[in-house]
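Worksheet: one structure, shown below.
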Amino acid sequence: MTDNANLPTTAFLTADASPRLVVDTRRCRGEVGLYGATVTSFVPAGGRELLFVSKKAVHDGSRPVRGGIPVCFPWFGVGFMDERMEPLHGFARKLPWELVEVVDDDAVVTSRFRLTGRLAQDAPGRHLVPQAFTAELEVRMGQTLRLELAVTNTDSEPLTYEVAFHTYFSVLDVTACRLHGLEGVEYVQDGVAGVGSRYPLRVDGHIDRVYDSATQLTLDDPDFGRRITITGENSSHAIVWNPGPQGAAEMTDMADHEWVQMLCVETARARDAAVMVAPGATARVAVELAVSELPVGR
Ligand code: BG6
């Protein structure tokens, strides 16, 4: 669907070189780029932008946008096989997805984007996951933001995949934020195992940890006075990533100082918990992001 005539009045597709679905209701405003089906903006009514997008992000479809919520699929990072799988984070975030439908149900706008194995046939890395599949990303924008990836195995062979909602949260100063829910939780960073301390996580530089966590997390940002609640469904891991000053300086699509303004808290089904779908079956993984005022004193 690329025709505005079929959209509800609360949504429209931009007609530029990098088409985006723009949603504007009394509950929120948001945007999803068709390239990678990447949510690049979500602003709850009366609130501020939830998602970080770098000022140096590239929006022409030549590479994933540095920010928003890229969908890592059919693998996360270097993947679930013994050898390194390329490209990093799978091919889905580097391909245009089809917009299937947009429905407004009492100011909750649900949009569906589809990627099939056929659409991905020429993508680098496709040979690593060669099965026929249909992946459908449902994006629900209301008071909260909910993403669900439903993958149907349309092949005669079983399908194994990973998925991560690679969410870049916008924060005023990451060093003042606290991430709750990973206390005492096991993680791996650069192949080395560790355990979260008994205190909420503070990030003051580079971090790249894959936590063995499927529980609800909360990100408190005292400067913005807000709490973000991150609820995964059918997820297995939480990844916390920030490039730190040196990493940001080395990236061409992020400004040097911007590491302070973002924190990736990713919701994934990965590693030893990669999804296995039988022929004809569908599996779902989802995340819901909700914003509330930070209780006084936190
Ligand atoms: C994180 C990974 O999920 O994504 C990091 O854990 C990686 O290792 C980061 O650097 C960003 O990846 P990319 O490919 O978008 O630069």
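Residues in the structure tokens are named by chain (A, B, ... in the order shown) and by number from 1 within that chain; ligands are numbered from 1 in the order shown.
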
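For ligand 1, the protein and nucleic acid residues at most 6 Å away, judged by only C-alpha atoms and all ligand atoms, amount to Gly77, Leu88, Asp208 and Trp241 of chain A.
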
Based on DSSP run over this structure's backbone, return all residues of region 123-270 of chain A in strand (DSSP E or B), as a PDB file with N, CA, C and O atoms, in the first residue's frame.
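Ended up saving to selection22.pdb:
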ATOM      1  N   PHE A 133       9.811 -17.218   4.321  1.00  0.00           N
ATOM      2  CA  PHE A 133       9.142 -16.725   5.534  1.00  0.00           C
ATOM      3  C   PHE A 133       8.352 -15.467   5.193  1.00  0.00           C
ATOM      4  O   PHE A 133       8.589 -14.819   4.164  1.00  0.00           O
ATOM      5  N   THR A 134       7.432 -15.140   6.089  1.00  0.00           N
ATOM      6  CA  THR A 134       6.784 -13.825   6.049  1.00  0.00           C
ATOM      7  C   THR A 134       6.941 -13.220   7.433  1.00  0.00           C
ATOM      8  O   THR A 134       6.543 -13.821   8.433  1.00  0.00           O
ATOM      9  N   ALA A 135       7.555 -12.035   7.485  1.00  0.00           N
ATOM     10  CA  ALA A 135       7.697 -11.331   8.765  1.00  0.00           C
ATOM     11  C   ALA A 135       6.763 -10.133   8.734  1.00  0.00           C
ATOM     12  O   ALA A 135       6.777  -9.363   7.769  1.00  0.00           O
ATOM     13  N   GLU A 136       5.949  -9.994   9.761  1.00  0.00           N
ATOM     14  CA  GLU A 136       5.030  -8.859   9.807  1.00  0.00           C
ATOM     15  C   GLU A 136       5.271  -8.074  11.101  1.00  0.00           C
ATOM     16  O   GLU A 136       5.186  -8.639  12.192  1.00  0.00           O
ATOM     17  N   LEU A 137       5.593  -6.807  10.928  1.00  0.00           N
ATOM     18  CA  LEU A 137       5.796  -5.940  12.089  1.00  0.00           C
ATOM     19  C   LEU A 137       4.528  -5.119  12.302  1.00  0.00           C
ATOM     20  O   LEU A 137       4.105  -4.372  11.415  1.00  0.00           O
ATOM     21  N   GLU A 138       3.933  -5.290  13.475  1.00  0.00           N
ATOM     22  CA  GLU A 138       2.754  -4.492  13.837  1.00  0.00           C
ATOM     23  C   GLU A 138       3.214  -3.386  14.776  1.00  0.00           C
ATOM     24  O   GLU A 138       3.852  -3.657  15.795  1.00  0.00           O
ATOM     25  N   VAL A 139       2.898  -2.154  14.415  1.00  0.00           N
ATOM     26  CA  VAL A 139       3.269  -1.005  15.252  1.00  0.00           C
ATOM     27  C   VAL A 139       1.986  -0.366  15.756  1.00  0.00           C
ATOM     28  O   VAL A 139       1.173   0.106  14.958  1.00  0.00           O
ATOM     29  N   ARG A 140       1.796  -0.370  17.055  1.00  0.00           N
ATOM     30  CA  ARG A 140       0.590   0.242  17.648  1.00  0.00           C
ATOM     31  C   ARG A 140       1.001   1.525  18.354  1.00  0.00           C
ATOM     32  O   ARG A 140       1.821   1.498  19.274  1.00  0.00           O
ATOM     33  N   MET A 141       0.436   2.618  17.887  1.00  0.00           N
ATOM     34  CA  MET A 141       0.737   3.914  18.495  1.00  0.00           C
ATOM     35  C   MET A 141      -0.515   4.470  19.150  1.00  0.00           C
ATOM     36  O   MET A 141      -1.487   4.796  18.464  1.00  0.00           O
ATOM     37  N   LEU A 145       3.567   2.782  23.017  1.00  0.00           N
ATOM     38  CA  LEU A 145       4.070   2.321  21.715  1.00  0.00           C
ATOM     39  C   LEU A 145       4.345   0.833  21.842  1.00  0.00           C
ATOM     40  O   LEU A 145       5.075   0.400  22.735  1.00  0.00           O
ATOM     41  N   ARG A 146       3.726   0.050  20.943  1.00  0.00           N
ATOM     42  CA  ARG A 146       3.931  -1.392  21.014  1.00  0.00           C
ATOM     43  C   ARG A 146       4.340  -1.922  19.647  1.00  0.00           C
ATOM     44  O   ARG A 146       3.702  -1.582  18.629  1.00  0.00           O
ATOM     45  N   LEU A 147       5.394  -2.719  19.639  1.00  0.00           N
ATOM     46  CA  LEU A 147       5.854  -3.344  18.398  1.00  0.00           C
ATOM     47  C   LEU A 147       5.786  -4.852  18.566  1.00  0.00           C
ATOM     48  O   LEU A 147       6.210  -5.378  19.616  1.00  0.00           O
ATOM     49  N   GLU A 148       5.279  -5.523  17.556  1.00  0.00           N
ATOM     50  CA  GLU A 148       5.249  -6.992  17.598  1.00  0.00           C
ATOM     51  C   GLU A 148       5.728  -7.518  16.259  1.00  0.00           C
ATOM     52  O   GLU A 148       5.231  -7.088  15.211  1.00  0.00           O
ATOM     53  N   LEU A 149       6.671  -8.424  16.303  1.00  0.00           N
ATOM     54  CA  LEU A 149       7.116  -9.064  15.065  1.00  0.00           C
ATOM     55  C   LEU A 149       6.570 -10.487  15.040  1.00  0.00           C
ATOM     56  O   LEU A 149       6.882 -11.299  15.918  1.00  0.00           O
ATOM     57  N   ALA A 150       5.727 -10.759  14.036  1.00  0.00           N
ATOM     58  CA  ALA A 150       5.170 -12.101  13.850  1.00  0.00           C
ATOM     59  C   ALA A 150       5.855 -12.712  12.635  1.00  0.00           C
ATOM     60  O   ALA A 150       5.840 -12.134  11.547  1.00  0.00           O
ATOM     61  N   VAL A 151       6.474 -13.855  12.832  1.00  0.00           N
ATOM     62  CA  VAL A 151       7.191 -14.507  11.730  1.00  0.00           C
ATOM     63  C   VAL A 151       6.519 -15.840  11.433  1.00  0.00           C
ATOM     64  O   VAL A 151       6.387 -16.692  12.313  1.00  0.00           O
ATOM     65  N   THR A 152       6.096 -15.991  10.185  1.00  0.00           N
ATOM     66  CA  THR A 152       5.473 -17.236   9.754  1.00  0.00           C
ATOM     67  C   THR A 152       6.454 -17.996   8.872  1.00  0.00           C
ATOM     68  O   THR A 152       7.033 -17.421   7.937  1.00  0.00           O
ATOM     69  N   ASN A 153       6.658 -19.243   9.222  1.00  0.00           N
ATOM     70  CA  ASN A 153       7.527 -20.094   8.421  1.00  0.00           C
ATOM     71  C   ASN A 153       6.707 -20.667   7.271  1.00  0.00           C
ATOM     72  O   ASN A 153       5.848 -21.510   7.475  1.00  0.00           O
ATOM     73  N   LEU A 159      12.548 -23.203  10.771  1.00  0.00           N
ATOM     74  CA  LEU A 159      13.207 -21.889  10.653  1.00  0.00           C
ATOM     75  C   LEU A 159      13.694 -21.460  12.040  1.00  0.00           C
ATOM     76  O   LEU A 159      12.932 -21.499  13.007  1.00  0.00           O
ATOM     77  N   THR A 160      14.957 -21.091  12.123  1.00  0.00           N
ATOM     78  CA  THR A 160      15.504 -20.548  13.374  1.00  0.00           C
ATOM     79  C   THR A 160      15.868 -19.084  13.127  1.00  0.00           C
ATOM     80  O   THR A 160      16.464 -18.763  12.097  1.00  0.00           O
ATOM     81  N   TYR A 161      15.480 -18.208  14.049  1.00  0.00           N
ATOM     82  CA  TYR A 161      15.832 -16.799  13.887  1.00  0.00           C
ATOM     83  C   TYR A 161      15.959 -16.119  15.243  1.00  0.00           C
ATOM     84  O   TYR A 161      15.480 -16.631  16.259  1.00  0.00           O
ATOM     85  N   VAL A 163      15.537 -12.041  17.014  1.00  0.00           N
ATOM     86  CA  VAL A 163      14.979 -10.707  16.777  1.00  0.00           C
ATOM     87  C   VAL A 163      15.373  -9.802  17.936  1.00  0.00           C
ATOM     88  O   VAL A 163      15.452 -10.250  19.088  1.00  0.00           O
ATOM     89  N   ALA A 164      15.657  -8.554  17.617  1.00  0.00           N
ATOM     90  CA  ALA A 164      15.873  -7.541  18.667  1.00  0.00           C
ATOM     91  C   ALA A 164      15.223  -6.243  18.237  1.00  0.00           C
ATOM     92  O   ALA A 164      15.399  -5.802  17.094  1.00  0.00           O
ATOM     93  N   PHE A 165      14.460  -5.661  19.121  1.00  0.00           N
ATOM     94  CA  PHE A 165      13.965  -4.296  18.942  1.00  0.00           C
ATOM     95  C   PHE A 165      15.056  -3.404  19.532  1.00  0.00           C
ATOM     96  O   PHE A 165      15.220  -3.344  20.753  1.00  0.00           O
ATOM     97  N   TYR A 168      16.588   2.988  20.671  1.00  0.00           N
ATOM     98  CA  TYR A 168      17.435   4.098  21.111  1.00  0.00           C
ATOM     99  C   TYR A 168      16.542   5.068  21.888  1.00  0.00           C
ATOM    100  O   TYR A 168      15.710   5.756  21.294  1.00  0.00           O
ATOM    101  N   PHE A 169      16.698   5.139  23.204  1.00  0.00           N
ATOM    102  CA  PHE A 169      15.914   6.092  23.989  1.00  0.00           C
ATOM    103  C   PHE A 169      16.616   7.436  24.034  1.00  0.00           C
ATOM    104  O   PHE A 169      17.850   7.500  24.146  1.00  0.00           O
ATOM    105  N   SER A 170      15.811   8.480  23.968  1.00  0.00           N
ATOM    106  CA  SER A 170      16.327   9.833  24.096  1.00  0.00           C
ATOM    107  C   SER A 170      16.374  10.189  25.582  1.00  0.00           C
ATOM    108  O   SER A 170      15.361  10.057  26.290  1.00  0.00           O
ATOM    109  N   ARG A 178      18.950   6.046  35.527  1.00  0.00           N
ATOM    110  CA  ARG A 178      19.069   4.759  36.225  1.00  0.00           C
ATOM    111  C   ARG A 178      18.181   3.752  35.519  1.00  0.00           C
ATOM    112  O   ARG A 178      17.003   4.024  35.282  1.00  0.00           O
ATOM    113  N   LEU A 179      18.773   2.580  35.231  1.00  0.00           N
ATOM    114  CA  LEU A 179      17.991   1.510  34.607  1.00  0.00           C
ATOM    115  C   LEU A 179      17.745   0.448  35.675  1.00  0.00           C
ATOM    116  O   LEU A 179      18.693  -0.141  36.213  1.00  0.00           O
ATOM    117  N   HIS A 180      16.477   0.232  35.969  1.00  0.00           N
ATOM    118  CA  HIS A 180      16.105  -0.711  37.033  1.00  0.00           C
ATOM    119  C   HIS A 180      15.674  -2.054  36.419  1.00  0.00           C
ATOM    120  O   HIS A 180      15.015  -2.075  35.388  1.00  0.00           O
ATOM    121  N   GLU A 186      22.668 -11.981  35.148  1.00  0.00           N
ATOM    122  CA  GLU A 186      23.873 -12.365  34.412  1.00  0.00           C
ATOM    123  C   GLU A 186      23.909 -11.715  33.043  1.00  0.00           C
ATOM    124  O   GLU A 186      22.868 -11.573  32.389  1.00  0.00           O
ATOM    125  N   TYR A 187      25.106 -11.340  32.621  1.00  0.00           N
ATOM    126  CA  TYR A 187      25.257 -10.766  31.286  1.00  0.00           C
ATOM    127  C   TYR A 187      26.569 -11.227  30.670  1.00  0.00           C
ATOM    128  O   TYR A 187      27.431 -11.798  31.346  1.00  0.00           O
ATOM    129  N   VAL A 188      26.695 -10.963  29.365  1.00  0.00           N
ATOM    130  CA  VAL A 188      27.949 -11.212  28.651  1.00  0.00           C
ATOM    131  C   VAL A 188      28.329  -9.917  27.948  1.00  0.00           C
ATOM    132  O   VAL A 188      27.484  -9.269  27.329  1.00  0.00           O
ATOM    133  N   GLN A 189      29.572  -9.505  28.097  1.00  0.00           N
ATOM    134  CA  GLN A 189      30.091  -8.351  27.359  1.00  0.00           C
ATOM    135  C   GLN A 189      31.422  -8.744  26.753  1.00  0.00           C
ATOM    136  O   GLN A 189      32.312  -9.208  27.468  1.00  0.00           O
ATOM    137  N   VAL A 192      32.818 -12.017  27.714  1.00  0.00           N
ATOM    138  CA  VAL A 192      33.149 -12.239  29.131  1.00  0.00           C
ATOM    139  C   VAL A 192      31.870 -12.155  29.965  1.00  0.00           C
ATOM    140  O   VAL A 192      31.098 -11.200  29.834  1.00  0.00           O
ATOM    141  N   ALA A 193      31.667 -13.165  30.818  1.00  0.00           N
ATOM    142  CA  ALA A 193      30.448 -13.198  31.627  1.00  0.00           C
ATOM    143  C   ALA A 193      30.582 -12.283  32.843  1.00  0.00           C
ATOM    144  O   ALA A 193      31.677 -12.094  33.387  1.00  0.00           O
ATOM    145  N   GLY A 194      29.472 -11.708  33.266  1.00  0.00           N
ATOM    146  CA  GLY A 194      29.456 -10.872  34.463  1.00  0.00           C
ATOM    147  C   GLY A 194      28.075 -10.936  35.097  1.00  0.00           C
ATOM    148  O   GLY A 194      27.160 -11.569  34.561  1.00  0.00           O
ATOM    149  N   VAL A 195      27.938 -10.296  36.230  1.00  0.00           N
ATOM    150  CA  VAL A 195      26.650 -10.242  36.917  1.00  0.00           C
ATOM    151  C   VAL A 195      26.371  -8.790  37.300  1.00  0.00           C
ATOM    152  O   VAL A 195      27.252  -8.101  37.837  1.00  0.00           O
ATOM    153  N   LEU A 201      21.357   0.185  37.226  1.00  0.00           N
ATOM    154  CA  LEU A 201      22.497   0.411  36.336  1.00  0.00           C
ATOM    155  C   LEU A 201      22.646   1.884  35.976  1.00  0.00           C
ATOM    156  O   LEU A 201      21.678   2.546  35.590  1.00  0.00           O
ATOM    157  N   ILE A 207      29.237   0.810  26.935  1.00  0.00           N
ATOM    158  CA  ILE A 207      28.680  -0.417  27.520  1.00  0.00           C
ATOM    159  C   ILE A 207      28.057  -1.214  26.385  1.00  0.00           C
ATOM    160  O   ILE A 207      27.474  -0.639  25.458  1.00  0.00           O
ATOM    161  N   ASP A 208      28.191  -2.530  26.437  1.00  0.00           N
ATOM    162  CA  ASP A 208      27.630  -3.388  25.386  1.00  0.00           C
ATOM    163  C   ASP A 208      27.354  -4.768  26.001  1.00  0.00           C
ATOM    164  O   ASP A 208      28.098  -5.711  25.779  1.00  0.00           O
ATOM    165  N   ARG A 209      26.305  -4.825  26.814  1.00  0.00           N
ATOM    166  CA  ARG A 209      26.027  -6.045  27.575  1.00  0.00           C
ATOM    167  C   ARG A 209      24.753  -6.735  27.093  1.00  0.00           C
ATOM    168  O   ARG A 209      23.732  -6.079  26.888  1.00  0.00           O
ATOM    169  N   VAL A 210      24.838  -8.048  26.988  1.00  0.00           N
ATOM    170  CA  VAL A 210      23.663  -8.857  26.650  1.00  0.00           C
ATOM    171  C   VAL A 210      23.220  -9.540  27.945  1.00  0.00           C
ATOM    172  O   VAL A 210      23.895 -10.449  28.438  1.00  0.00           O
ATOM    173  N   TYR A 211      22.147  -9.058  28.536  1.00  0.00           N
ATOM    174  CA  TYR A 211      21.646  -9.590  29.808  1.00  0.00           C
ATOM    175  C   TYR A 211      20.663 -10.710  29.561  1.00  0.00           C
ATOM    176  O   TYR A 211      19.822 -10.644  28.647  1.00  0.00           O
ATOM    177  N   LEU A 217      11.675  -3.737  32.582  1.00  0.00           N
ATOM    178  CA  LEU A 217      12.731  -2.803  32.991  1.00  0.00           C
ATOM    179  C   LEU A 217      12.146  -1.402  33.053  1.00  0.00           C
ATOM    180  O   LEU A 217      11.198  -1.084  32.316  1.00  0.00           O
ATOM    181  N   THR A 218      12.739  -0.568  33.898  1.00  0.00           N
ATOM    182  CA  THR A 218      12.329   0.841  33.902  1.00  0.00           C
ATOM    183  C   THR A 218      13.574   1.716  33.803  1.00  0.00           C
ATOM    184  O   THR A 218      14.576   1.481  34.479  1.00  0.00           O
ATOM    185  N   LEU A 219      13.458   2.706  32.933  1.00  0.00           N
ATOM    186  CA  LEU A 219      14.556   3.657  32.731  1.00  0.00           C
ATOM    187  C   LEU A 219      14.109   4.999  33.288  1.00  0.00           C
ATOM    188  O   LEU A 219      13.182   5.621  32.763  1.00  0.00           O
ATOM    189  N   ASP A 220      14.746   5.416  34.369  1.00  0.00           N
ATOM    190  CA  ASP A 220      14.396   6.685  35.011  1.00  0.00           C
ATOM    191  C   ASP A 220      15.330   7.785  34.521  1.00  0.00           C
ATOM    192  O   ASP A 220      16.560   7.647  34.600  1.00  0.00           O
ATOM    193  N   ASP A 221      14.718   8.858  34.026  1.00  0.00           N
ATOM    194  CA  ASP A 221      15.494  10.011  33.554  1.00  0.00           C
ATOM    195  C   ASP A 221      15.095  11.214  34.403  1.00  0.00           C
ATOM    196  O   ASP A 221      14.079  11.860  34.142  1.00  0.00           O
ATOM    197  N   ARG A 226      11.006  11.794  33.720  1.00  0.00           N
ATOM    198  CA  ARG A 226      10.139  10.730  33.219  1.00  0.00           C
ATOM    199  C   ARG A 226      10.704   9.340  33.480  1.00  0.00           C
ATOM    200  O   ARG A 226      11.909   9.154  33.645  1.00  0.00           O
ATOM    201  N   ARG A 227       9.781   8.415  33.494  1.00  0.00           N
ATOM    202  CA  ARG A 227      10.100   6.991  33.643  1.00  0.00           C
ATOM    203  C   ARG A 227       9.600   6.273  32.387  1.00  0.00           C
ATOM    204  O   ARG A 227       8.448   6.458  31.984  1.00  0.00           O
ATOM    205  N   ILE A 228      10.462   5.454  31.811  1.00  0.00           N
ATOM    206  CA  ILE A 228      10.067   4.659  30.647  1.00  0.00           C
ATOM    207  C   ILE A 228       9.998   3.207  31.106  1.00  0.00           C
ATOM    208  O   ILE A 228      10.963   2.684  31.679  1.00  0.00           O
ATOM    209  N   THR A 229       8.853   2.590  30.867  1.00  0.00           N
ATOM    210  CA  THR A 229       8.687   1.186  31.242  1.00  0.00           C
ATOM    211  C   THR A 229       8.769   0.338  29.976  1.00  0.00           C
ATOM    212  O   THR A 229       8.076   0.611  28.992  1.00  0.00           O
ATOM    213  N   ILE A 230       9.642  -0.651  30.024  1.00  0.00           N
ATOM    214  CA  ILE A 230       9.927  -1.482  28.850  1.00  0.00           C
ATOM    215  C   ILE A 230       9.450  -2.900  29.160  1.00  0.00           C
ATOM    216  O   ILE A 230      10.003  -3.562  30.043  1.00  0.00           O
ATOM    217  N   THR A 231       8.426  -3.340  28.455  1.00  0.00           N
ATOM    218  CA  THR A 231       7.857  -4.655  28.748  1.00  0.00           C
ATOM    219  C   THR A 231       7.961  -5.551  27.515  1.00  0.00           C
ATOM    220  O   THR A 231       7.318  -5.300  26.491  1.00  0.00           O
ATOM    221  N   GLY A 232       8.797  -6.553  27.612  1.00  0.00           N
ATOM    222  CA  GLY A 232       8.936  -7.501  26.507  1.00  0.00           C
ATOM    223  C   GLY A 232       7.899  -8.605  26.637  1.00  0.00           C
ATOM    224  O   GLY A 232       7.441  -8.912  27.742  1.00  0.00           O
ATOM    225  N   GLU A 233       7.511  -9.177  25.520  1.00  0.00           N
ATOM    226  CA  GLU A 233       6.603 -10.335  25.516  1.00  0.00           C
ATOM    227  C   GLU A 233       7.282 -11.412  24.691  1.00  0.00           C
ATOM    228  O   GLU A 233       7.625 -11.180  23.530  1.00  0.00           O
ATOM    229  N   HIS A 237      16.200 -11.735  26.251  1.00  0.00           N
ATOM    230  CA  HIS A 237      17.399 -10.984  26.596  1.00  0.00           C
ATOM    231  C   HIS A 237      17.141  -9.482  26.520  1.00  0.00           C
ATOM    232  O   HIS A 237      16.255  -9.034  25.783  1.00  0.00           O
ATOM    233  N   ALA A 238      17.935  -8.744  27.279  1.00  0.00           N
ATOM    234  CA  ALA A 238      17.924  -7.285  27.195  1.00  0.00           C
ATOM    235  C   ALA A 238      19.362  -6.857  26.911  1.00  0.00           C
ATOM    236  O   ALA A 238      20.297  -7.314  27.584  1.00  0.00           O
ATOM    237  N   ILE A 239      19.531  -6.030  25.918  1.00  0.00           N
ATOM    238  CA  ILE A 239      20.875  -5.558  25.565  1.00  0.00           C
ATOM    239  C   ILE A 239      20.967  -4.088  25.939  1.00  0.00           C
ATOM    240  O   ILE A 239      20.058  -3.307  25.636  1.00  0.00           O
ATOM    241  N   VAL A 240      22.019  -3.740  26.627  1.00  0.00           N
ATOM    242  CA  VAL A 240      22.241  -2.342  26.982  1.00  0.00           C
ATOM    243  C   VAL A 240      23.482  -1.884  26.234  1.00  0.00           C
ATOM    244  O   VAL A 240      24.566  -2.479  26.388  1.00  0.00           O
ATOM    245  N   TRP A 241      23.290  -0.869  25.395  1.00  0.00           N
ATOM    246  CA  TRP A 241      24.416  -0.413  24.560  1.00  0.00           C
ATOM    247  C   TRP A 241      24.496   1.101  24.540  1.00  0.00           C
ATOM    248  O   TRP A 241      23.484   1.793  24.396  1.00  0.00           O
ATOM    249  N   ASN A 242      25.715   1.576  24.719  1.00  0.00           N
ATOM    250  CA  ASN A 242      26.029   2.987  24.486  1.00  0.00           C
ATOM    251  C   ASN A 242      27.469   2.998  23.972  1.00  0.00           C
ATOM    252  O   ASN A 242      28.328   2.317  24.537  1.00  0.00           O
ATOM    253  N   MET A 262      21.640   9.493  24.582  1.00  0.00           N
ATOM    254  CA  MET A 262      20.939   8.270  24.191  1.00  0.00           C
ATOM    255  C   MET A 262      21.328   7.089  25.076  1.00  0.00           C
ATOM    256  O   MET A 262      22.378   7.076  25.714  1.00  0.00           O
ATOM    257  N   LEU A 263      20.424   6.128  25.087  1.00  0.00           N
ATOM    258  CA  LEU A 263      20.757   4.830  25.662  1.00  0.00           C
ATOM    259  C   LEU A 263      19.943   3.783  24.922  1.00  0.00           C
ATOM    260  O   LEU A 263      18.718   3.911  24.805  1.00  0.00           O
ATOM    261  N   CYS A 264      20.623   2.773  24.400  1.00  0.00           N
ATOM    262  CA  CYS A 264      19.898   1.667  23.778  1.00  0.00           C
ATOM    263  C   CYS A 264      19.586   0.628  24.851  1.00  0.00           C
ATOM    264  O   CYS A 264      20.503   0.144  25.540  1.00  0.00           O
ATOM    265  N   VAL A 265      18.315   0.333  25.002  1.00  0.00           N
ATOM    266  CA  VAL A 265      17.882  -0.796  25.825  1.00  0.00           C
ATOM    267  C   VAL A 265      17.057  -1.650  24.881  1.00  0.00           C
ATOM    268  O   VAL A 265      15.949  -1.281  24.491  1.00  0.00           O
ATOM    269  N   GLU A 266      17.633  -2.762  24.467  1.00  0.00           N
ATOM    270  CA  GLU A 266      17.050  -3.562  23.396  1.00  0.00           C
ATOM    271  C   GLU A 266      16.325  -4.773  23.982  1.00  0.00           C
ATOM    272  O   GLU A 266      16.773  -5.348  24.973  1.00  0.00           O
ATOM    273  N   THR A 267      15.222  -5.100  23.356  1.00  0.00           N
ATOM    274  CA  THR A 267      14.420  -6.237  23.803  1.00  0.00           C
ATOM    275  C   THR A 267      14.570  -7.326  22.754  1.00  0.00           C
ATOM    276  O   THR A 267      14.224  -7.112  21.591  1.00  0.00           O
ATOM    277  N   ALA A 268      15.102  -8.472  23.171  1.00  0.00           N
ATOM    278  CA  ALA A 268      15.484  -9.463  22.163  1.00  0.00           C
ATOM    279  C   ALA A 268      15.045 -10.873  22.522  1.00  0.00           C
ATOM    280  O   ALA A 268      14.815 -11.210  23.695  1.00  0.00           O
ATOM    281  N   ARG A 269      14.973 -11.661  21.505  1.00  0.00           N
ATOM    282  CA  ARG A 269      14.861 -13.113  21.648  1.00  0.00           C
ATOM    283  C   ARG A 269      16.076 -13.636  20.881  1.00  0.00           C
ATOM    284  O   ARG A 269      16.119 -13.516  19.648  1.00  0.00           O
TER     285      ARG A 269
END

Expressed in Å to a single decimal, how great is the separation between CA of Thr9 (chain A) and CA of Val32 (chain A)? 16.3 Å

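Relative to CA of Asn4 (chain A), CA of Val22 (chain A) is found at 10.9 Å.
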
Out of region 124-294 of chain A, which residues get alpha helix (DSSP H) from DSSP, as a PyMOL selection string? chain A and resi 244-250

Could the residues in this selection be saved with C-alpha atoms as a short mmCIF file (atom, residue, chain, number, x, y, z; two decimals), in the first residue's frame?
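Result file follows (selection16.cif):
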data_model
loop_
_atom_site.label_atom_id
_atom_site.label_comp_id
_atom_site.auth_asym_id
_atom_site.auth_seq_id
_atom_site.Cartn_x
_atom_site.Cartn_y
_atom_site.Cartn_z
CA GLY A 244 30.63 6.10 24.87
CA PRO A 245 32.71 9.13 23.80
CA GLN A 246 35.32 7.21 21.84
CA GLY A 247 32.80 4.97 20.06
CA ALA A 248 30.67 7.96 19.09
CA ALA A 249 33.71 9.80 17.77
CA GLU A 250 34.52 6.82 15.56
#

Selection: 8 Å around Asp24 (chain A), only C-alpha atoms, excl. self and same-chain fewer than 5 positions, as a PyMOL selection string: chain A and resi 10-11+29-30
